[in-house]
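Have a look at work08.cif below; it lists mmCIF, C-alpha atoms.
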data_final
#
loop_
_atom_site.group_PDB
_atom_site.id
_atom_site.type_symbol
_atom_site.label_atom_id
_atom_site.label_comp_id
_atom_site.auth_asym_id
_atom_site.auth_seq_id
_atom_site.Cartn_x
_atom_site.Cartn_y
_atom_site.Cartn_z
ATOM 1 C CA MET N 1 -28.512 -14.626 -41.459
ATOM 2 C CA ASP N 2 -26.816 -15.527 -44.747
ATOM 3 C CA ARG N 3 -23.466 -14.128 -43.588
ATOM 4 C CA THR N 4 -23.525 -16.315 -40.476
ATOM 5 C CA LEU N 5 -24.542 -19.410 -42.412
ATOM 6 C CA THR N 6 -21.609 -19.037 -44.808
ATOM 7 C CA LYS N 7 -19.247 -19.107 -41.819
ATOM 8 C CA VAL N 8 -20.635 -22.473 -40.715
ATOM 9 C CA GLY N 9 -19.668 -24.041 -44.032
ATOM 10 C CA GLN N 10 -20.037 -27.703 -44.848
ATOM 11 C CA VAL N 11 -20.894 -28.798 -41.315
ATOM 12 C CA LEU N 12 -24.553 -27.995 -41.969
ATOM 13 C CA GLU N 13 -24.594 -28.691 -45.705
ATOM 14 C CA ASP N 14 -27.761 -30.209 -47.131
ATOM 15 C CA THR N 15 -27.705 -33.520 -48.956
ATOM 16 C CA ALA N 16 -30.394 -35.155 -51.080
ATOM 17 C CA ASN N 17 -32.190 -36.536 -48.016
ATOM 18 C CA THR N 18 -31.060 -34.349 -45.137
ATOM 19 C CA ARG N 19 -31.345 -30.762 -44.050
ATOM 20 C CA PRO N 20 -29.393 -30.334 -40.797
ATOM 21 C CA LEU N 21 -30.293 -26.639 -40.519
ATOM 22 C CA ILE N 22 -33.557 -24.906 -41.287
ATOM 23 C CA ALA N 23 -33.216 -21.129 -41.151
ATOM 24 C CA CYS N 24 -36.090 -18.761 -41.787
ATOM 25 C CA PRO N 25 -36.915 -15.139 -41.007
ATOM 26 C CA VAL N 26 -40.334 -14.375 -39.546
ATOM 27 C CA PRO N 27 -42.696 -13.614 -42.447
ATOM 28 C CA SER N 28 -45.109 -10.737 -42.659
ATOM 29 C CA PRO N 29 -47.760 -10.823 -41.352
ATOM 30 C CA ALA N 30 -46.150 -12.409 -38.321
ATOM 31 C CA THR N 31 -48.573 -15.059 -37.116
ATOM 32 C CA PHE N 32 -47.965 -18.547 -35.814
ATOM 33 C CA LYS N 33 -49.588 -20.029 -38.908
ATOM 34 C CA SER N 34 -47.609 -17.871 -41.358
ATOM 35 C CA MET N 35 -44.399 -18.869 -39.555
ATOM 36 C CA VAL N 36 -45.227 -22.574 -39.745
ATOM 37 C CA LEU N 37 -46.051 -22.271 -43.445
ATOM 38 C CA ALA N 38 -42.736 -20.466 -44.058
ATOM 39 C CA LEU N 39 -40.809 -23.129 -42.126
ATOM 40 C CA LEU N 40 -42.518 -25.892 -44.096
ATOM 41 C CA GLU N 41 -41.606 -24.162 -47.350
ATOM 42 C CA VAL N 42 -37.967 -23.667 -46.326
ATOM 43 C CA SER N 43 -37.839 -27.346 -45.365
ATOM 44 C CA GLY N 44 -38.780 -28.234 -48.944
ATOM 45 C CA PHE N 45 -42.426 -29.060 -48.302
ATOM 46 C CA GLU N 46 -44.645 -27.613 -51.000
ATOM 47 C CA GLY N 47 -48.398 -27.358 -51.254
ATOM 48 C CA ALA N 48 -49.370 -27.187 -47.585
ATOM 49 C CA ASN N 49 -53.131 -26.960 -47.170
ATOM 50 C CA LEU N 50 -53.786 -23.380 -46.069
ATOM 51 C CA ARG N 51 -57.093 -24.441 -44.518
ATOM 52 C CA ARG N 52 -55.454 -26.749 -41.992
ATOM 53 C CA GLU N 53 -55.240 -25.529 -38.451
ATOM 54 C CA ALA N 54 -51.915 -24.058 -37.367
ATOM 55 C CA TRP N 55 -51.172 -26.764 -34.781
ATOM 56 C CA SER N 56 -51.799 -29.489 -37.364
ATOM 57 C CA LEU N 57 -49.318 -27.762 -39.689
ATOM 58 C CA TRP N 58 -46.877 -27.555 -36.775
ATOM 59 C CA GLN N 59 -47.114 -31.324 -36.288
ATOM 60 C CA MET N 60 -46.349 -31.760 -39.999
ATOM 61 C CA PHE N 61 -43.290 -29.545 -39.585
ATOM 62 C CA ARG N 62 -42.074 -31.531 -36.577
ATOM 63 C CA HIS N 63 -42.451 -34.766 -38.565
ATOM 64 C CA ARG N 64 -40.539 -33.156 -41.421
ATOM 65 C CA LEU N 65 -37.671 -32.254 -39.084
ATOM 66 C CA SER N 66 -37.405 -35.900 -38.068
ATOM 67 C CA MET N 67 -37.467 -37.098 -41.694
ATOM 68 C CA LEU N 68 -34.764 -34.617 -42.732
ATOM 69 C CA GLY N 69 -32.467 -35.252 -39.776
ATOM 70 C CA THR N 70 -32.641 -31.599 -38.823
ATOM 71 C CA ALA N 71 -30.553 -30.602 -35.817
ATOM 72 C CA VAL N 72 -31.063 -26.813 -35.746
ATOM 73 C CA VAL N 73 -34.026 -24.530 -36.432
ATOM 74 C CA TRP N 74 -33.097 -20.862 -36.649
ATOM 75 C CA ILE N 75 -35.796 -18.184 -36.658
ATOM 76 C CA ALA N 76 -34.560 -14.659 -37.381
ATOM 77 C CA GLU N 77 -36.334 -11.466 -36.296
ATOM 78 C CA ALA N 78 -38.218 -13.661 -33.844
ATOM 79 C CA GLN N 79 -39.435 -10.745 -31.716
ATOM 80 C CA ASP N 80 -41.999 -10.024 -34.461
ATOM 81 C CA LEU N 81 -43.544 -13.451 -33.945
ATOM 82 C CA PHE N 82 -44.659 -12.781 -30.388
ATOM 83 C CA CYS N 83 -47.148 -10.009 -31.127
ATOM 84 C CA ALA N 84 -50.102 -12.388 -31.382
ATOM 85 C CA ASP N 85 -50.469 -15.599 -29.371
ATOM 86 C CA ARG N 86 -47.383 -15.606 -27.166
ATOM 87 C CA LYS N 87 -48.272 -18.708 -25.117
ATOM 88 C CA LEU N 88 -49.041 -20.847 -28.186
ATOM 89 C CA ILE N 89 -45.765 -19.874 -29.830
ATOM 90 C CA LEU N 90 -43.729 -20.532 -26.689
ATOM 91 C CA ARG N 91 -45.430 -23.932 -26.310
ATOM 92 C CA ALA N 92 -44.631 -24.760 -29.936
ATOM 93 C CA LEU N 93 -40.973 -23.796 -29.564
ATOM 94 C CA LYS N 94 -40.746 -25.835 -26.379
ATOM 95 C CA SER N 95 -42.136 -28.849 -28.250
ATOM 96 C CA LEU N 96 -39.225 -28.658 -30.716
ATOM 97 C CA MET N 97 -36.737 -28.999 -27.871
ATOM 98 C CA GLN N 98 -38.365 -32.080 -26.319
ATOM 99 C CA GLY N 99 -38.597 -35.762 -27.126
ATOM 100 C CA ASP N 100 -36.597 -38.203 -29.213
ATOM 101 C CA ASN N 101 -36.409 -35.895 -32.228
ATOM 102 C CA ALA N 102 -35.535 -32.722 -30.320
ATOM 103 C CA VAL N 103 -33.700 -29.986 -32.194
ATOM 104 C CA ALA N 104 -31.713 -26.963 -31.094
ATOM 105 C CA VAL N 105 -33.691 -23.759 -31.528
ATOM 106 C CA VAL N 106 -31.920 -20.508 -32.325
ATOM 107 C CA LEU N 107 -33.962 -17.328 -32.067
ATOM 108 C CA SER N 108 -32.343 -14.092 -33.147
ATOM 109 C CA GLY N 109 -33.820 -10.659 -32.687
ATOM 110 C CA THR N 110 -33.910 -7.602 -30.487
ATOM 111 C CA GLU N 111 -33.826 -7.240 -26.709
ATOM 112 C CA GLU N 112 -37.633 -7.384 -26.858
ATOM 113 C CA LEU N 113 -37.272 -11.055 -27.814
ATOM 114 C CA ALA N 114 -35.245 -11.809 -24.676
ATOM 115 C CA GLU N 115 -37.935 -10.161 -22.555
ATOM 116 C CA VAL N 116 -40.637 -12.351 -24.099
ATOM 117 C CA ILE N 117 -38.604 -15.548 -23.651
ATOM 118 C CA ARG N 118 -37.999 -14.737 -19.996
ATOM 119 C CA THR N 119 -41.765 -14.826 -19.351
ATOM 120 C CA ASP N 120 -41.821 -18.635 -19.693
ATOM 121 C CA PRO N 121 -39.545 -20.354 -17.146
ATOM 122 C CA GLN N 122 -39.356 -23.614 -19.107
ATOM 123 C CA VAL N 123 -38.387 -21.942 -22.382
ATOM 124 C CA LYS N 124 -36.016 -19.589 -20.569
ATOM 125 C CA ARG N 125 -34.261 -22.607 -19.036
ATOM 126 C CA ARG N 126 -33.742 -24.144 -22.474
ATOM 127 C CA LEU N 127 -32.372 -21.030 -24.206
ATOM 128 C CA SER N 128 -29.374 -18.814 -23.551
ATOM 129 C CA PHE N 129 -29.077 -15.126 -24.389
ATOM 130 C CA GLN N 130 -26.271 -13.331 -26.200
ATOM 131 C CA SER N 131 -26.020 -9.615 -26.911
#
Mind turning the file's structure into structure tokens?
Amino acid sequence: MDRTLTKVGQVLEDTANTRPLIACPVPSPATFKSMVLALLEVSGFEGANLRREAWSLWQMFRHRLSMLGTAVVWIAEAQDLFCADRKLILRALKSLMQGDNAVAVVLSGTEELAEVIRTDPQVKRRLSFQS
């Protein structure tokens, strides 16, 4: 991930009030809630209430993306994320790619990830696959 980001250079450079790219590997344990908490942390948000429901945290993250002017969210090792609640995670990813504050979503991982993505026609339509 770091090697690729250095190639992008200043195009996606953070400023005091913006973060055009948020890149985060899937944490362990790989749950929807742990992923949202990791994304919030990478976005600069500290002190998220661990007792909040995952979808509420997801809404906070989406709001944060809008505030920061984020254009790209990159999740590495994403195949690990789909072990638990596949439909919830696919719905959440789809929500990032819709609406006025839509962002580009980059998921990197193994062939297993491509198989999971292909199970949802709407998400499949929004993503492309590279080997």
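Running the PyMOL selection byres ((chain N and resi 94) around 12) on this file leaves Arg62, Lys87, Leu88, Ile89, Leu90, Arg91, Ala92, Leu93, Ser95, Leu96, Met97, Gln98, Gly99, Ala102, Val103, Ala104, Val105, Val106, Ile117, Asp120, Pro121, Gln122, Val123, Lys124, Arg125, Arg126 and Leu127 of chain N selected.
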(request) Can you give me, as a PyMOL selection string, the residues this file yields under the PyMOL selection byres ((chain N and resi 18-32) around 8)? (result) chain N and resi 12-17+33-36+38-39+42-43+54+67-78+80-81+83-85+89
Test item: axis-aligned box, all listed atoms of segment 59-66 of chain N, 6 Å on each side, centre and edges in Å rounded to one decimal, as AutoDock Vina command-line options:
--center_x -42.3 --center_y -32.7 --center_z -38.9 --size_x 21.7 --size_y 18.4 --size_z 17.1
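Going from atom CA of Leu37 of chain N over to atom CA of Phe61 of chain N, you cover 8.7 Å.
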(request) Please measure the separation of atom CA of Thr110 of chain N and atom CA of Ser128 of chain N, giving the value in Å to one decimal. (result) 13.9 Å
